[in-house]
Amino acid sequence: MKIKAKLNVGVGLLFLMIFLLAALGGWYINVLKKDTGNILTANYNTLLYAKNMLRALEELPQDPSALGRLSINLDKQRENVTEQGEQMTTNAIVSHYEALQKEPGNSTIISAIRMDLTQLMEQNMHAISLKSKVAEQTAEQAVIVISIAGTLCFVIAFTLLINLPSNIADPIRKLTESIRQIAGQNYRERVHFAGTSEFAELAQSFNTMAEKLEEYSESKLDKILKAKQRIEALIDNMHDPVIGVDENRQIIFVNEEMLKVTALDKKNLLDLPVDQVAQQNDLIRDIFKNTVTASSEREDKLPIKIFADGRESYFEKDVIPINVTPTGELQDQFIGQVVILKNITPFKELDLAKTNFIGTISHEFKTPIASIQMGVQLLENERVGLLNPEQRNLVGGVKEDLERLLNITGELLNMTQVESGSIQINLHPAEVEPMIEYAVKANRSAAEQKGIGFKIDVDPQVQTVFADNEKTAWVLTNFLSNAVRYSHEHSMVHIQVEAADQRVRFSVKDSGQGVEPKYLDRIFERYFRVPGAKKGGTGLGLSISKEFIEAQGGEIGVTSEYGAGSSFYFYLRKGD
């Protein structure tokens, strides 16, 4: 039977049962209504009339008008004759009433009327008893019939409740489970439903689909295995160490280069949890520590030093998450990670050679620069000789070039310290005001040339910070130098120091053009200069400032509103 036919039969039976129970109940209620109505309209009224006539007979000796009330009730009774024998008794009462009208005080006639009324009441009482029994039998019959019908309806409804949902839901549940098996690549799953219902047709179509998928899967298995072997061969022949884990962090592949640097056998790595291997191998722990817990960007970019091939080698870690979108779904699913170690040893050696070269050249530049600076100072001394205006201008230009060259040399030396990792940080409680005074004094001459003033706002609660005062003063000097360079003439540079929880916030705000939002993320990169900015500087100052502050455990940043100026800031720990 089709699903639609089953539903029609089930719902139709329920509707028919409800209609049957309603019809039986209505019919029996109507019968009982008629039985009780006959008692009220026929017998009860007769008893009422008889009672009124008896009362009138009792009042007749004292009230002659009672005879009229007797006549009225007698006329009503003559119109309400409904029972067998009641007509004869009513006629006798009428005959005796006519005799009483002729002799109102005759006690014999009055007594005869009483007997007739008593007989009339007995006849109606007997009729009421018979009709009550009939109504009772009707009620009992109604209870029996409705109970049988209700029981039958309950049995049918209960049978439908048990069988109909299961006949529809069980095939759907079985088909859903089979679909899950197919989705899990179990193409041998089959569904069988008896009969000719829609489910049987659906099962036949499902089995046909499963057979075709099984055939297709078996025909493609050889190609999949060959593709897998190609990928494994490609990974094994890569010159960089490679290791891969699945979503449960179990190692699923590793190439020969990774086995060389870890000094492990493949059997000691494959199908084992990373955490278990990391407990016995420091290199595996270093490789995967940043993929297990969140780490800072600075730490994540640090190269890994490995002693391999008889020398120290440097590797840069590249973690590639693998996310796939399952067929028929929209949400990406994480299925593992691939970690590639890129050998950057040649680049590291070249970078170290470059750093040493820059450091050596910068250091060697200082001696001739100092000699030239001493010569310029001697030329400016009037005791050596007077200079004409043109000579003074030339000496002034040489002096400015010397100062620029000294600044560049100093920045290069600081950069070599940063790159070589030899920054010497001397952390101690340092007073705030001397550092600010040093930075302001170093930039006062340049500020006065542009008519720029300094507004210093130091929180009275902030006296000292836990920092290297030399490096911190250098950063403040660099901030002020940039602020003076990019501020408009006759403007104000605001220096502010304030408490921020357990830290101290230093900020330098200028009134220049500001930095466009797209350049804010690159402002602290080495050699970066905002396009279109004023000439001057090497693009190293802010990068070195960032290294100095972060080496002290601080934080550095910038906020800017393009067209209204910029505010460079950094945080350091309180000194007390």
# chains A, B, ... in the order shown; residues from 1 in each chain; ligands from 1
>>> residues_around(residues="A:Val462", least_positions_apart="4", cutoff="12 Å", atoms="only C-alpha atoms", output="ChimeraX atom specification")
/A:429-433,457-458,466,496-506,572-576
>>> residues_around(residues="A:Ala210", least_positions_apart="6", cutoff="9 Å", atoms="only C-alpha atoms", output="PyMOL selection string")
chain A and resi 182+186-190
>>> closest_residue(among="A:Leu234, A:Val31, A:Gly541, A:Gly514", to="A:Phe479", atoms="only C-alpha atoms")
A:Gly541
>>> closest_residue(among="A:Ser71, A:Leu47, A:Ser65, A:Arg55", to="A:Gln119", atoms="only C-alpha atoms")
A:Leu47
>>> atom_distance(atom1="atom CA of A:Thr262", atom2="atom CA of A:Pro303")
16.1 Å
>>> residues_around(residues="A:Val376", least_positions_apart="3", cutoff="9 Å", atoms="only C-alpha atoms", output="PDB file with N, CA, C and O atoms, in the first residue's frame")
ATOM      1  N   SER A 371      87.508  63.764  13.375  1.00  0.00           N
ATOM      2  CA  SER A 371      88.585  64.675  12.959  1.00  0.00           C
ATOM      3  C   SER A 371      88.030  65.834  12.154  1.00  0.00           C
ATOM      4  O   SER A 371      88.415  66.995  12.347  1.00  0.00           O
ATOM      5  N   ILE A 372      87.095  65.537  11.231  1.00  0.00           N
ATOM      6  CA  ILE A 372      86.491  66.611  10.427  1.00  0.00           C
ATOM      7  C   ILE A 372      85.711  67.562  11.333  1.00  0.00           C
ATOM      8  O   ILE A 372      85.763  68.789  11.154  1.00  0.00           O
ATOM      9  N   GLN A 373      84.992  66.987  12.318  1.00  0.00           N
ATOM     10  CA  GLN A 373      84.223  67.840  13.231  1.00  0.00           C
ATOM     11  C   GLN A 373      85.142  68.747  14.032  1.00  0.00           C
ATOM     12  O   GLN A 373      84.836  69.930  14.261  1.00  0.00           O
ATOM     13  N   LEU A 379      87.861  75.959  12.603  1.00  0.00           N
ATOM     14  CA  LEU A 379      87.568  77.005  11.621  1.00  0.00           C
ATOM     15  C   LEU A 379      86.592  78.026  12.181  1.00  0.00           C
ATOM     16  O   LEU A 379      86.665  79.222  11.845  1.00  0.00           O
ATOM     17  N   GLU A 380      85.669  77.592  13.041  1.00  0.00           N
ATOM     18  CA  GLU A 380      84.705  78.509  13.628  1.00  0.00           C
ATOM     19  C   GLU A 380      85.324  79.356  14.741  1.00  0.00           C
ATOM     20  O   GLU A 380      84.741  80.353  15.152  1.00  0.00           O
ATOM     21  N   ASN A 381      86.486  78.934  15.230  1.00  0.00           N
ATOM     22  CA  ASN A 381      87.144  79.671  16.304  1.00  0.00           C
ATOM     23  C   ASN A 381      87.814  80.906  15.708  1.00  0.00           C
ATOM     24  O   ASN A 381      88.664  80.820  14.806  1.00  0.00           O
ATOM     25  N   VAL A 395      81.170  76.551   5.982  1.00  0.00           N
ATOM     26  CA  VAL A 395      81.461  75.819   7.222  1.00  0.00           C
ATOM     27  C   VAL A 395      80.167  75.351   7.877  1.00  0.00           C
ATOM     28  O   VAL A 395      80.064  74.238   8.397  1.00  0.00           O
ATOM     29  N   GLY A 396      79.103  76.194   7.833  1.00  0.00           N
ATOM     30  CA  GLY A 396      77.806  75.792   8.405  1.00  0.00           C
ATOM     31  C   GLY A 396      77.214  74.600   7.678  1.00  0.00           C
ATOM     32  O   GLY A 396      76.651  73.673   8.284  1.00  0.00           O
ATOM     33  N   VAL A 398      78.930  72.305   6.001  1.00  0.00           N
ATOM     34  CA  VAL A 398      79.733  71.136   6.370  1.00  0.00           C
ATOM     35  C   VAL A 398      79.330  70.621   7.748  1.00  0.00           C
ATOM     36  O   VAL A 398      79.252  69.411   7.992  1.00  0.00           O
ATOM     37  N   LYS A 399      79.083  71.549   8.675  1.00  0.00           N
ATOM     38  CA  LYS A 399      78.701  71.151  10.035  1.00  0.00           C
ATOM     39  C   LYS A 399      77.366  70.394  10.033  1.00  0.00           C
ATOM     40  O   LYS A 399      77.217  69.383  10.720  1.00  0.00           O
TER      41      LYS A 399
END
>>> closest_residue(among="A:Glu525, A:Pro326, A:Leu161, A:Arg230", to="A:Gly184", atoms="only C-alpha atoms")
A:Pro326
>>> atom_distance(atom1="atom CA of A:Arg526", atom2="atom CA of A:Phe548")
13.5 Å
>>> select_by_dssp(residues="stretch 121-347 of chain A", states="alpha helix (DSSP H)", output="PyMOL selection string")
chain A and resi 121-183+198-236+256-262+274-278+282-292+297-301+345-347
>>> select_by_dssp(residues="stretch 434-570 of chain A", states="strand (DSSP E or B)", output="ChimeraX atom specification")
/A:453-458,464-467,487,492-500,503-509,512,555-561,565-570
>>> atom_distance(atom1="atom CA of A:Thr159", atom2="atom CA of A:Phe19")
18.5 Å
>>> residues_around(residues="A:Glu247", least_positions_apart="6", cutoff="10 Å", atoms="only C-alpha atoms", output="ChimeraX atom specification")
/A:321-323,333-337
>>> write_last_selection(atoms="C-alpha atoms", output="PDB file, in the first residue's frame")
ATOM      1  CA  PRO A 321      47.031  24.396   8.158  1.00  0.00           C
ATOM      2  CA  ILE A 322      45.013  22.076   5.915  1.00  0.00           C
ATOM      3  CA  ASN A 323      41.310  22.899   5.714  1.00  0.00           C
ATOM      4  CA  GLN A 333      36.889  21.367   8.289  1.00  0.00           C
ATOM      5  CA  PHE A 334      40.398  21.190   9.788  1.00  0.00           C
ATOM      6  CA  ILE A 335      42.133  17.900   8.885  1.00  0.00           C
ATOM      7  CA  GLY A 336      45.754  18.534   9.836  1.00  0.00           C
ATOM      8  CA  GLN A 337      48.935  20.591   9.536  1.00  0.00           C
TER       9      GLN A 337
END
